[in-house]
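Written below as structure tokens is the structure these notes are about.
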Amino acid sequence: MWPRHENAMKSKLFETIACALAVLLLLSGCSLAPHYAKPDVAPADHFKEERAPDDAYADAGSDSDYGAWQPARPSEGIERGEWWKIFHDSRLDDYEQQALHNNPGLQAAVARVKESRAMLQTARSALFPEVSAGFGPSREKLSSVSQLRPDGVEIPTENVWRAQASASYEVDLFGRVSDSIKASTAQAEQSEALFRSVRLALQADVAQSYFDLRELDAELDVYNRSVALRSRALELVQRRFDAGETSELDLLRGQSELATARSEAMTAERLRAASEHSLAVLLGKIVAEFSVEHDPLVSVDIHIPPGLPSSVLERRPDIAAAERAMAAANARIGIAKSAFFPALNLTGTAGFESASLSDLFKWSSRAFLVGPLVGTALTVPLFDGGRRKGDLARARAAYEVNVDDYREQVLVAFREVEDNLSELRILQNQTVTQSEAVKASTRAAHLSRTQYQEGAVNFLDVIDADRTVLQAQRAAVQLAGLQAVSTVNLIRALGGGWSTDAPIAARGELGSVSTGQAY
């Protein structure tokens with residue numbers, strides 16, 4: 001009877017353990033993270049500047065392009081295209097490609113993407129058991145009770161040779177492993193979005209530096225023409241002074257104006273050298289080995305259709321990065337919650353063990369050890385002085401911070417688009433007005449020189465007229481530079497490009513990353 005009774009108890013014990021394991025396995029993968037949803041930022045159905053009076057961009061598309069709000073889609077992977085080619089400048093095209101291949105900052109962003117992907121691979125490894133193997137001797141003494149011997153039986157100390165394989169596996173109770181993978185996945189996607197943001201910033205910086213350089217070339221042309229004009233004026237004053245037709249005061253004023261014009265030209269040359277050096281760094285080149293030919297800026301007049309405000313949420317990589325950071329923080333709340341619940345680690349070893357090396361690999365030397373029937377595979381947290389509670393509070397606070405950062409990033413994006421739309425609208429009208437000022441001041445300067453030669457006005461009037469021309473021409477050149485840079489800034493604020501076609505489907509969860517791509 002005793003053997004049957006003992007077998008029945010063992011059978012009931014195994015059934016109880018099996019039921020407990022079944023319940024624990026059912027709990028595996030159940031995430032404790034809150035339901036994730038992006039905050040509703042409720043963008044307007046149009047940009048404020050789209051319908052501004054005398055809007056230069058109102059003709060960019062039909063009326064159906066505006067006022068029809070569309071929900072934002074997570075489309076940060078949409079192809080942007082090589083947007084800088086709208087300027088039709090082969091030299092700029094070449095510089096952009098050089099920057100994409102050589103810029104150290106962009107290479108560092110690529111390395112950060114690789115790092116985040118490696119971290120994701122590490123997190124995903126927790127889905128699989130960890131297996132190892134070992135071989136070697138050990139000296140041990142076992143207790144009689146562990147060997148099911150009567151109390152008091154002496155078990156001698158012995159040397160044991162072992163050749164074993166071990167396996168361990170953490171059951172994903174309460175979603176700790178799955179939430180870790182979700183957090184790492186979102187972090188990897190955030191890193192890719194940040195890479196796109198760095199790449200877009202680099203592309204825009206190269207274009208801005210290039211246009212700044214060409215604007216300074218145009219300013220140098222203005223100064224050089226002013227130097228030539230004042231040299232001719234000084235020659236005229238010198239002839240009149242030699243003939244006794246004017247005073248030494250006019251001669252000194254002419255010399256002063258010529259020296260001032262030459263000094264201002266040197267200032268422009270100094271600024272150009274610094275701008276050229278900055279461009280070299282962006283291209284990843286040594287300054288001493290880089291130079292740009294003199295090429296004055298030609299006015300840039302390109303109309304950029306901004307599209308719908310919701311499209312900014314789809315295209316801007318910095319917004320995508322902020323949203324992915326928010327998703328990762330949400331998953332980490334689930335990780336912090338799972339620390340309050342039991343953890344189940346299944347372990348086991350199997351192999352051979354023997355008192356002598358010669359008998360180690362005999363069939364009779366086989367041995368195994370399986371958990372959780374032995375050891376402490378199932379651990380239940382009891383007391384930690386509030387550490388888990390603090391971790392959970394920190395995870396929730398971090399999520400709130402990321403939510404606020406995301407909303408702020410969206411607001412900043414809309415402001416940047418509006419800023420550049422208004423700037424381009426005003427610059428277009430200002431450029432026309434300044435062009436009229438240049439024409440009028442140039443005509444006035446010509447008349448003043450003619451009247452001076454006839455003795456109708458003094459030389460001070462000629463100087464004032466020439467100064468006015470120089471200021472008007474400089475302002476016109478600077479406005480042209482601002483217009484080019486503002487066009488680049490608008491493209492950057494829109495996320496690197498635009499398209500009137502339907503958005504292309506987003507690429508895979510973790511698309512390829514290469515500095516040779518340009519979107």
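We name chains A, B, ... following the order of the structure tokens; residues begin at 1 in each chain, and ligands are numbered from 1 as shown.
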
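Within stretch 150-300 of chain A, residues classed as strand (DSSP E or B) by DSSP on backbone coordinates are Glu158, Asn159, Val160, Trp161, Arg162, Ala163, Gln164, Ala165, Ser166, Ala167, Ser168, Tyr169, Glu170, Val171 and Leu173 of chain A.
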
Helix (DSSP H, G or I) positions in stretch 74-251 of chain A, given as an MDAnalysis selection string: chainID A and resid 83:87 90:102 104:127 145:147 176:242 248:251

Contact residues around A:Ala165 with only C-alpha atoms at 10 Å, ignoring same-chain residues under 5 positions, as JSON, numbers by chain: {"A": [131, 132, 133, 134, 135, 348, 349, 350, 351, 352, 368]}

Using the selection just defined, write its residues with all heavy atoms as a PDB file, in the first residue's frame.
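The result, written out as out-v8.pdb:
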```
ATOM      1  N   VAL A 131      22.203  28.875 -24.050  1.00  0.00           N
ATOM      2  CA  VAL A 131      22.796  27.536 -23.968  1.00  0.00           C
ATOM      3  C   VAL A 131      24.305  27.670 -23.870  1.00  0.00           C
ATOM      4  O   VAL A 131      24.914  28.462 -24.597  1.00  0.00           O
ATOM      5  CB  VAL A 131      22.401  26.673 -25.185  1.00  0.00           C
ATOM      6  CG1 VAL A 131      23.013  25.277 -25.082  1.00  0.00           C
ATOM      7  CG2 VAL A 131      20.888  26.589 -25.313  1.00  0.00           C
ATOM      8  N   SER A 132      24.917  26.874 -22.999  1.00  0.00           N
ATOM      9  CA  SER A 132      26.373  26.866 -22.849  1.00  0.00           C
ATOM     10  C   SER A 132      26.829  25.447 -22.556  1.00  0.00           C
ATOM     11  O   SER A 132      26.024  24.578 -22.198  1.00  0.00           O
ATOM     12  CB  SER A 132      26.810  27.813 -21.723  1.00  0.00           C
ATOM     13  OG  SER A 132      26.233  27.421 -20.494  1.00  0.00           O
ATOM     14  N   ALA A 133      28.107  25.206 -22.696  1.00  0.00           N
ATOM     15  CA  ALA A 133      28.684  23.880 -22.444  1.00  0.00           C
ATOM     16  C   ALA A 133      29.959  24.038 -21.643  1.00  0.00           C
ATOM     17  O   ALA A 133      30.633  25.071 -21.722  1.00  0.00           O
ATOM     18  CB  ALA A 133      28.965  23.146 -23.758  1.00  0.00           C
ATOM     19  N   GLY A 134      30.259  23.015 -20.851  1.00  0.00           N
ATOM     20  CA  GLY A 134      31.451  23.064 -20.026  1.00  0.00           C
ATOM     21  C   GLY A 134      32.048  21.690 -19.791  1.00  0.00           C
ATOM     22  O   GLY A 134      31.370  20.664 -19.933  1.00  0.00           O
ATOM     23  N   PHE A 135      33.335  21.681 -19.440  1.00  0.00           N
ATOM     24  CA  PHE A 135      34.037  20.424 -19.169  1.00  0.00           C
ATOM     25  C   PHE A 135      35.099  20.703 -18.115  1.00  0.00           C
ATOM     26  O   PHE A 135      35.774  21.737 -18.147  1.00  0.00           O
ATOM     27  CB  PHE A 135      34.695  19.911 -20.458  1.00  0.00           C
ATOM     28  CG  PHE A 135      35.623  18.747 -20.222  1.00  0.00           C
ATOM     29  CD1 PHE A 135      35.124  17.460 -20.077  1.00  0.00           C
ATOM     30  CD2 PHE A 135      36.996  18.943 -20.132  1.00  0.00           C
ATOM     31  CE1 PHE A 135      35.977  16.400 -19.860  1.00  0.00           C
ATOM     32  CE2 PHE A 135      37.853  17.887 -19.914  1.00  0.00           C
ATOM     33  CZ  PHE A 135      37.341  16.602 -19.768  1.00  0.00           C
ATOM     34  N   GLY A 348      18.337  24.193 -16.652  1.00  0.00           N
ATOM     35  CA  GLY A 348      18.580  22.759 -16.746  1.00  0.00           C
ATOM     36  C   GLY A 348      19.973  22.470 -17.240  1.00  0.00           C
ATOM     37  O   GLY A 348      20.555  23.265 -17.983  1.00  0.00           O
ATOM     38  N   THR A 349      20.516  21.353 -16.789  1.00  0.00           N
ATOM     39  CA  THR A 349      21.813  20.878 -17.273  1.00  0.00           C
ATOM     40  C   THR A 349      21.708  19.401 -17.579  1.00  0.00           C
ATOM     41  O   THR A 349      20.940  18.666 -16.936  1.00  0.00           O
ATOM     42  CB  THR A 349      22.921  21.093 -16.220  1.00  0.00           C
ATOM     43  OG1 THR A 349      22.577  20.362 -15.029  1.00  0.00           O
ATOM     44  CG2 THR A 349      23.076  22.563 -15.888  1.00  0.00           C
ATOM     45  N   ALA A 350      22.453  18.951 -18.545  1.00  0.00           N
ATOM     46  CA  ALA A 350      22.463  17.538 -18.914  1.00  0.00           C
ATOM     47  C   ALA A 350      23.835  17.211 -19.475  1.00  0.00           C
ATOM     48  O   ALA A 350      24.459  18.050 -20.132  1.00  0.00           O
ATOM     49  CB  ALA A 350      21.377  17.235 -19.937  1.00  0.00           C
ATOM     50  N   GLY A 351      24.295  15.982 -19.179  1.00  0.00           N
ATOM     51  CA  GLY A 351      25.597  15.575 -19.660  1.00  0.00           C
ATOM     52  C   GLY A 351      26.073  14.317 -18.952  1.00  0.00           C
ATOM     53  O   GLY A 351      25.271  13.439 -18.628  1.00  0.00           O
ATOM     54  N   PHE A 352      27.357  14.310 -18.670  1.00  0.00           N
ATOM     55  CA  PHE A 352      27.964  13.149 -18.041  1.00  0.00           C
ATOM     56  C   PHE A 352      28.782  13.600 -16.852  1.00  0.00           C
ATOM     57  O   PHE A 352      29.386  14.669 -16.877  1.00  0.00           O
ATOM     58  CB  PHE A 352      28.869  12.408 -19.037  1.00  0.00           C
ATOM     59  CG  PHE A 352      28.145  11.896 -20.253  1.00  0.00           C
ATOM     60  CD1 PHE A 352      28.043  12.672 -21.392  1.00  0.00           C
ATOM     61  CD2 PHE A 352      27.553  10.639 -20.239  1.00  0.00           C
ATOM     62  CE1 PHE A 352      27.384  12.223 -22.500  1.00  0.00           C
ATOM     63  CE2 PHE A 352      26.898  10.162 -21.356  1.00  0.00           C
ATOM     64  CZ  PHE A 352      26.797  10.958 -22.494  1.00  0.00           C
ATOM     65  N   PHE A 368      21.465  14.726 -15.138  1.00  0.00           N
ATOM     66  CA  PHE A 368      20.759  15.943 -15.539  1.00  0.00           C
ATOM     67  C   PHE A 368      20.183  16.623 -14.307  1.00  0.00           C
ATOM     68  O   PHE A 368      20.022  16.025 -13.239  1.00  0.00           O
ATOM     69  CB  PHE A 368      19.643  15.625 -16.554  1.00  0.00           C
ATOM     70  CG  PHE A 368      18.493  14.858 -15.980  1.00  0.00           C
ATOM     71  CD1 PHE A 368      17.392  15.525 -15.426  1.00  0.00           C
ATOM     72  CD2 PHE A 368      18.500  13.458 -15.982  1.00  0.00           C
ATOM     73  CE1 PHE A 368      16.335  14.802 -14.888  1.00  0.00           C
ATOM     74  CE2 PHE A 368      17.435  12.751 -15.443  1.00  0.00           C
ATOM     75  CZ  PHE A 368      16.358  13.418 -14.899  1.00  0.00           C
TER      76      PHE A 368
END
```

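Straight-line separation from atom CA of A:Ala327 to atom CA of A:Tyr406: 10.8 Å.
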
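Remark: for A:Arg396, the closest of the candidate residues A:Ser354, A:Asn330, A:Asn489, A:Ser144 is A:Asn330 (distances computed over only C-alpha atoms).
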
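For the pair atom CA of A:Thr468 and atom CA of A:Ser422, the interatomic distance is 28.1 Å.
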
Contacts of A:Gln483 within 10 Å, only C-alpha atoms, excl. fewer than 2 positions in-chain, as a PyMOL selection string: chain A and resi 211+299-302+420+423-428+431+477-481+485-489

Contacts of A:Asp250 at 12 Å (only C-alpha atoms; same-chain gap of 5+ positions) as a list in words: Ala233, Leu234, Glu235, Leu236, Val237, Gln238, Arg239, Arg240, Phe241, Asp242, Gly244, Glu245, Gln255, Ser256, Glu257, Tyr452, Asn458, Phe459, Leu460, Asp461, Val462 and Ile463 of chain A

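Shortest atom-to-atom contact with A:Ser168 among A:Pro381, A:Pro150, A:Pro306, A:Pro129: A:Pro129, counting only C-alpha atoms.
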
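You can rank A:Ser356, A:Ser448, A:Ser116, A:Thr260 by their closest distance to A:Leu194 using only C-alpha atoms, and at the top of that list sits A:Ser116.
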
What lies within 8 Å of stretch 91-94 of chain A using only C-alpha atoms, ignoring chain neighbours under 5 positions off, as a short mmCIF file (atom, residue, chain, number, x, y, z; two decimals) with N, CA, C and O atoms, in the first residue's frame?
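The result, written out as out-v2.cif:
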```cif
data_model
loop_
_atom_site.label_atom_id
_atom_site.label_comp_id
_atom_site.auth_asym_id
_atom_site.auth_seq_id
_atom_site.Cartn_x
_atom_site.Cartn_y
_atom_site.Cartn_z
N TRP A 84 17.72 69.88 -53.14
CA TRP A 84 18.58 71.01 -53.50
C TRP A 84 18.72 71.17 -55.02
O TRP A 84 19.17 72.21 -55.49
N LYS A 85 18.30 70.17 -55.79
CA LYS A 85 18.42 70.26 -57.24
C LYS A 85 17.42 71.24 -57.85
O LYS A 85 17.52 71.57 -59.04
N ALA A 207 23.72 74.00 -48.09
CA ALA A 207 23.09 74.94 -49.02
C ALA A 207 23.16 76.37 -48.49
O ALA A 207 23.46 77.31 -49.25
N TYR A 210 26.70 77.68 -48.76
CA TYR A 210 27.02 77.91 -50.17
C TYR A 210 26.41 79.23 -50.65
O TYR A 210 27.08 80.04 -51.31
#
```
